Protein chains: 2
Amino acid sequence: MKALANAPLDAEIIAVGSEMLTAGRVDTNSLYLTGELNNLGVEVVFKCVIGDQRDRLADAVHRALGRSAIVILSGGLGPTEDDVTREAVAQALGRQLIFDPAISAALEQRFARTKRKMSEVNKRQAFVLEGAGVLLNDRGTAPGQWIEASGSVAILLPGPPHELKSMFERECLPRLAQLVPRQAIRTAFLRVTGMPESDLDALISPVYKKYQNPVTTILAANGDLQVHLRARCSTVAEAEALLAEVTVPIEALLGDRLYSRTGDPLEVVVGNLLRQQQATVAVAESCTGGMLGARFTSTPGSSDYFLGGFITYSDSLKTALLGVSPETLQEFGAVSPETAEAMAVGARARTASTYAIAVTGIAGPAGGTGQKPVGLVYVAIAGAAGTLVVNRQFLGDRQRIRVFTTQMALDLLRRRLTGLA
Amino acid sequence: MKALANAPLDAEIIAVGSEMLTAGRVDTNSLYLTGELNNLGVEVVFKCVIGDQRDRLADAVHRALGRSAIVILSGGLGPTEDDVTREAVAQALGRQLIFDPAISAALEQRFARTKRKMSEVNKRQAFVLEGAGVLLNDRGTAPGQWIEASGSVAILLPGPPHELKSMFERECLPRLAQLVPRQAIRTAFLRVTGMPESDLDALISPVYKKYQNPVTTILAANGDLQVHLRARCSTVAEAEALLAEVTVPIEALLGDRLYSRTGDPLEVVVGNLLRQQQATVAVAESCTGGMLGARFTSTPGSSDYFLGGFITYSDSLKTALLGVSPETLQEFGAVSPETAEAMAVGARARTASTYAIAVTGIAGPAGGTGQKPVGLVYVAIAGAAGTLVVNRQFLGDRQRIRVFTTQMALDLLRRRLTGLA
């Protein structure tokens, strides 16, 4: 593999699977892999999606290995007949597939742990290409493979994104870092919430547009904005200095909308604040139906600060479980500042938490009125110092409104915990 | 183009542009085109993204035209030097590019309408391949091209999605409809849960492997399995008969693990059963922290049957909100059949629901013991006829264990509602 070490490297990514060629499916693995390869200084020059057809895949692999130093395949490593990646790469390289009893035994053990018997077909996953290194899968059954051939490397990874990511991080990044010419790359991840992507760009582009290096990317998803800045220099010190030169003025512009400098998601930032303040939180959810609790508990160790709470989707449960008075519901409605406040106060009292967050809104598609349209949401935070109620009008479909609501609720608690609200 | 008219047609899609190879960009054009082509009965068998490199693109076009009847390129039709699609296709087909004064004049007029002068470089957009038909662009400057060559057709479309869609709809769909043999496509979506993908495949592959048509695909995600069968025939009646021939024996093999014949997800199937039986449900969630409630409420109209419930992440809330006795927690632990049962019974009593589902388990990564490892989960369903408690041992990370648990809980309720459990 010495040939790899002297020049900037190119990579190609091949996604395998007929289901990936349907109108609803996006090859997200290639986006993740592109980001990681770019971080190493490797450019992705070609990517493709191929159905479960061995000959076509073998042809594509053969051509990719002929022109690029790194070829990553995702998918097609399952146990069934239509999982053709192993055979196709063997065909492309003219190598044998060899049964590895150790992998087969590990697979059998994995099945035994869940008290199931491994079916015969799973043994297909124990076949390894001649000369290949096996990449361990800690999240699923399909092992990956690392095959070097005439100055290039082919990397076979499983298709499910969480399996692929874990394997790539653990097993591939360290090996690739050894192959790739040394460059210092430093990245800053700023996370922001509470503004649209276009406003964010208008705010900070006067700064970042002055620089080709670092490369700045803005990603927006679920009401959450990420600014990635990637500086590529010949030394770490240079890269860090360059990054600071750009991020310091950007952070000043972002002000208190910046919630993370580390890339941590909002629920982790809020959880850390609660832990530092030895505070606890409970939830009372109507339109989000449990999504806010699910976000809090997505973080390991969240039992340090998250107690639990209530899902009060029906009005009668708002009264029975949280003590919202029927008069309040009658007079102001379930989606009102009064109900949100009563929910938060009730949840806090019943769980003895430091803070309680209540959410009530109209997620749609039905249920909106002229005065209270779909997307209207109230969030209340009750604490020792009183209850804060905030409302927002979101646009979009049911899922978007619900996700944006959890983002708004977490951000409101962040502001309260940091003295901003 | 008569050659196209006799057999099912395959298509390939090539997206051109280095910016499409970055980590944040998804080739949404190919998703749109796939949907439209599938509607015509045309299968997309390969798609790729290529940077602005003429030789590489020419090679890809040459190969695509050699194996597929329809090759659609998007992007690379702009006026600048790095827009290489025209030149690459010319090179692949060995044809000349010819300057078309009419296109150039139309471009000049377009600029004049916005009171701008056309720059010289825009004339590049007036070059058309020898023998090509020009596709009008009503939303931008780049005209498309339609080129037939040795039984195949190459279609050059602009990259911006709104330009591409408009051009494809107006200029391409009518022409393609004339080329494509009349076909009827019918699809069956079977959804299954409670078994690994490999067991499902071992069970049903003896049936579906006997058929090339319909094409059968198995998708697995989050403990949910989907079997897609797509039949392509010359009439609707034939396609439906063929589909029935294959799905009837598959459904018999799947038995009660088959939960949907329509493609509906499990929470919708369970919701419909509850609605039919005029029953309501409440939840009491520990390790899932609200995810089960979030799944129930992801469906519009779920307030018909979903009342709400409790997130009791801490032991003290299991006692305070659900009435689980401290002795039960002490003697058996929070993750035990006794606690699961008490949680379900408590939630049902406090919400007056027909059924209550309780979930308690060890999501990890910490908290596991030899006797109660990470991934051990108990689900209890309380109803008028008593309480059913089931346990499972899941593998994987925190997110996987939690998602699989919601799947298990919903399926258990489905079984209870249909008399299976």
# chains A, B, ... in the order shown; residues from 1 in each chain; ligands from 1

call {"tool": "closest_atom_pairs", "arguments": {"of": "chain B", "to": "chain A", "cutoff": "6 Å", "atoms": "only C-alpha atoms", "output": "Markdown table"}}
result
| residue | atom | partner | partner_atom | distance |
| --- | --- | --- | --- | --- |
| B:Ala23 | CA | A:Leu31 | CA | 4.5 |
| B:Leu31 | CA | A:Ala23 | CA | 4.5 |
| B:Thr34 | CA | A:Ala23 | CA | 5.2 |
| B:Gly35 | CA | A:Ala23 | CA | 5.0 |
| B:Phe46 | CA | A:Ile50 | CA | 5.0 |
| B:Lys47 | CA | A:Val49 | CA | 5.3 |
| B:Cys48 | CA | A:Cys48 | CA | 3.8 |
| B:Val49 | CA | A:Lys47 | CA | 5.3 |
| B:Ile50 | CA | A:Phe46 | CA | 5.0 |
| B:Gly289 | CA | A:Ala294 | CA | 4.8 |
| B:Gly290 | CA | A:Gly290 | CA | 3.8 |
| B:Met291 | CA | A:Ala294 | CA | 5.2 |
| B:Gly293 | CA | A:Gly290 | CA | 5.0 |
| B:Ala294 | CA | A:Gly290 | CA | 4.7 |
| B:Thr297 | CA | A:Gly289 | CA | 5.7 |
| B:Leu307 | CA | A:Ser314 | CA | 5.1 |
| B:Gly308 | CA | A:Ile311 | CA | 4.5 |
| B:Gly309 | CA | A:Ile311 | CA | 4.7 |
| B:Phe310 | CA | A:Phe310 | CA | 4.5 |
| B:Ile311 | CA | A:Gly308 | CA | 4.5 |
| B:Thr312 | CA | A:Gly308 | CA | 4.6 |
| B:Tyr313 | CA | A:Gly308 | CA | 4.8 |
| B:Ser314 | CA | A:Leu307 | CA | 5.1 |
| B:Gln393 | CA | A:Thr114 | CA | 5.7 |
| B:Gly396 | CA | A:Arg139 | CA | 5.1 |

call {"tool": "select_by_dssp", "arguments": {"residues": "segment 251-307 of chain A", "states": "strand (DSSP E or B)", "output": "list in words"}}
result
Leu258, Tyr259, Ser260, Thr262, Val281, Ala282, Val283, Ala284, Glu285, Phe306 and Leu307 of chain A

call {"tool": "write_last_selection", "arguments": {"atoms": "C-alpha atoms", "output": "PDB file, in the first residue's frame"}}
result
ATOM      1  CA  LEU A 258     -25.091  29.319  19.765  1.00  0.00           C
ATOM      2  CA  TYR A 259     -25.748  26.426  22.133  1.00  0.00           C
ATOM      3  CA  SER A 260     -22.810  24.123  21.444  1.00  0.00           C
ATOM      4  CA  THR A 262     -18.519  20.812  20.551  1.00  0.00           C
ATOM      5  CA  VAL A 281     -36.610  17.732  35.080  1.00  0.00           C
ATOM      6  CA  ALA A 282     -39.980  16.178  34.333  1.00  0.00           C
ATOM      7  CA  VAL A 283     -42.183  16.501  31.262  1.00  0.00           C
ATOM      8  CA  ALA A 284     -45.897  16.851  30.547  1.00  0.00           C
ATOM      9  CA  GLU A 285     -46.501  16.226  26.865  1.00  0.00           C
ATOM     10  CA  PHE A 306     -34.545  13.123  33.966  1.00  0.00           C
ATOM     11  CA  LEU A 307     -37.226  11.755  36.289  1.00  0.00           C
TER      12      LEU A 307
END

call {"tool": "select_by_dssp", "arguments": {"residues": "segment 34-235 of chain A", "states": "alpha helix (DSSP H)", "output": "PyMOL selection string"}}
result
chain A and resi 34-39+54-67+85-93+101-113+161-167+173-179+197-208

call {"tool": "residues_around", "arguments": {"residues": "Glu341 of chain A", "least_positions_apart": "2", "cutoff": "9 Å", "atoms": "only C-alpha atoms", "output": "count of residues only"}}
result
17

call {"tool": "atom_distance", "arguments": {"atom1": "atom CA of Phe404 of chain B", "atom2": "atom CA of Gly419 of chain B"}}
result
22.3 Å

call {"tool": "atom_distance", "arguments": {"atom1": "atom CA of Ser104 of chain B", "atom2": "atom CA of Ala154 of chain B"}}
result
22.5 Å

call {"tool": "residues_around", "arguments": {"residues": "Val61 of chain B", "least_positions_apart": "3", "cutoff": "8 Å", "atoms": "only C-alpha atoms", "output": "JSON, numbers by chain"}}
result
{"B": [57, 58, 64, 65, 71, 88, 89, 92]}

call {"tool": "write_last_selection", "arguments": {"atoms": "C-alpha atoms", "output": "PDB file, in the first residue's frame"}}
result
ATOM      1  CA  LEU B  57     -18.290  11.175 -17.573  1.00  0.00           C
ATOM      2  CA  ALA B  58     -17.839  10.169 -21.216  1.00  0.00           C
ATOM      3  CA  ALA B  64     -24.588   3.150 -19.653  1.00  0.00           C
ATOM      4  CA  LEU B  65     -25.788   3.412 -23.266  1.00  0.00           C
ATOM      5  CA  VAL B  71     -29.901   7.050 -19.871  1.00  0.00           C
ATOM      6  CA  ALA B  88     -18.795  14.269 -22.591  1.00  0.00           C
ATOM      7  CA  VAL B  89     -21.863  12.884 -24.355  1.00  0.00           C
ATOM      8  CA  ALA B  92     -19.141   9.039 -25.749  1.00  0.00           C
TER       9      ALA B  92
END

call {"tool": "atom_distance", "arguments": {"atom1": "atom CA of Val246 of chain B", "atom2": "atom CA of Gln183 of chain B"}}
result
19.1 Å

call {"tool": "closest_residue", "arguments": {"among": "B:Arg182, B:Gln91, B:Cys172, B:Leu329", "to": "Ala60 of chain B", "atoms": "only C-alpha atoms"}}
result
B:Gln91
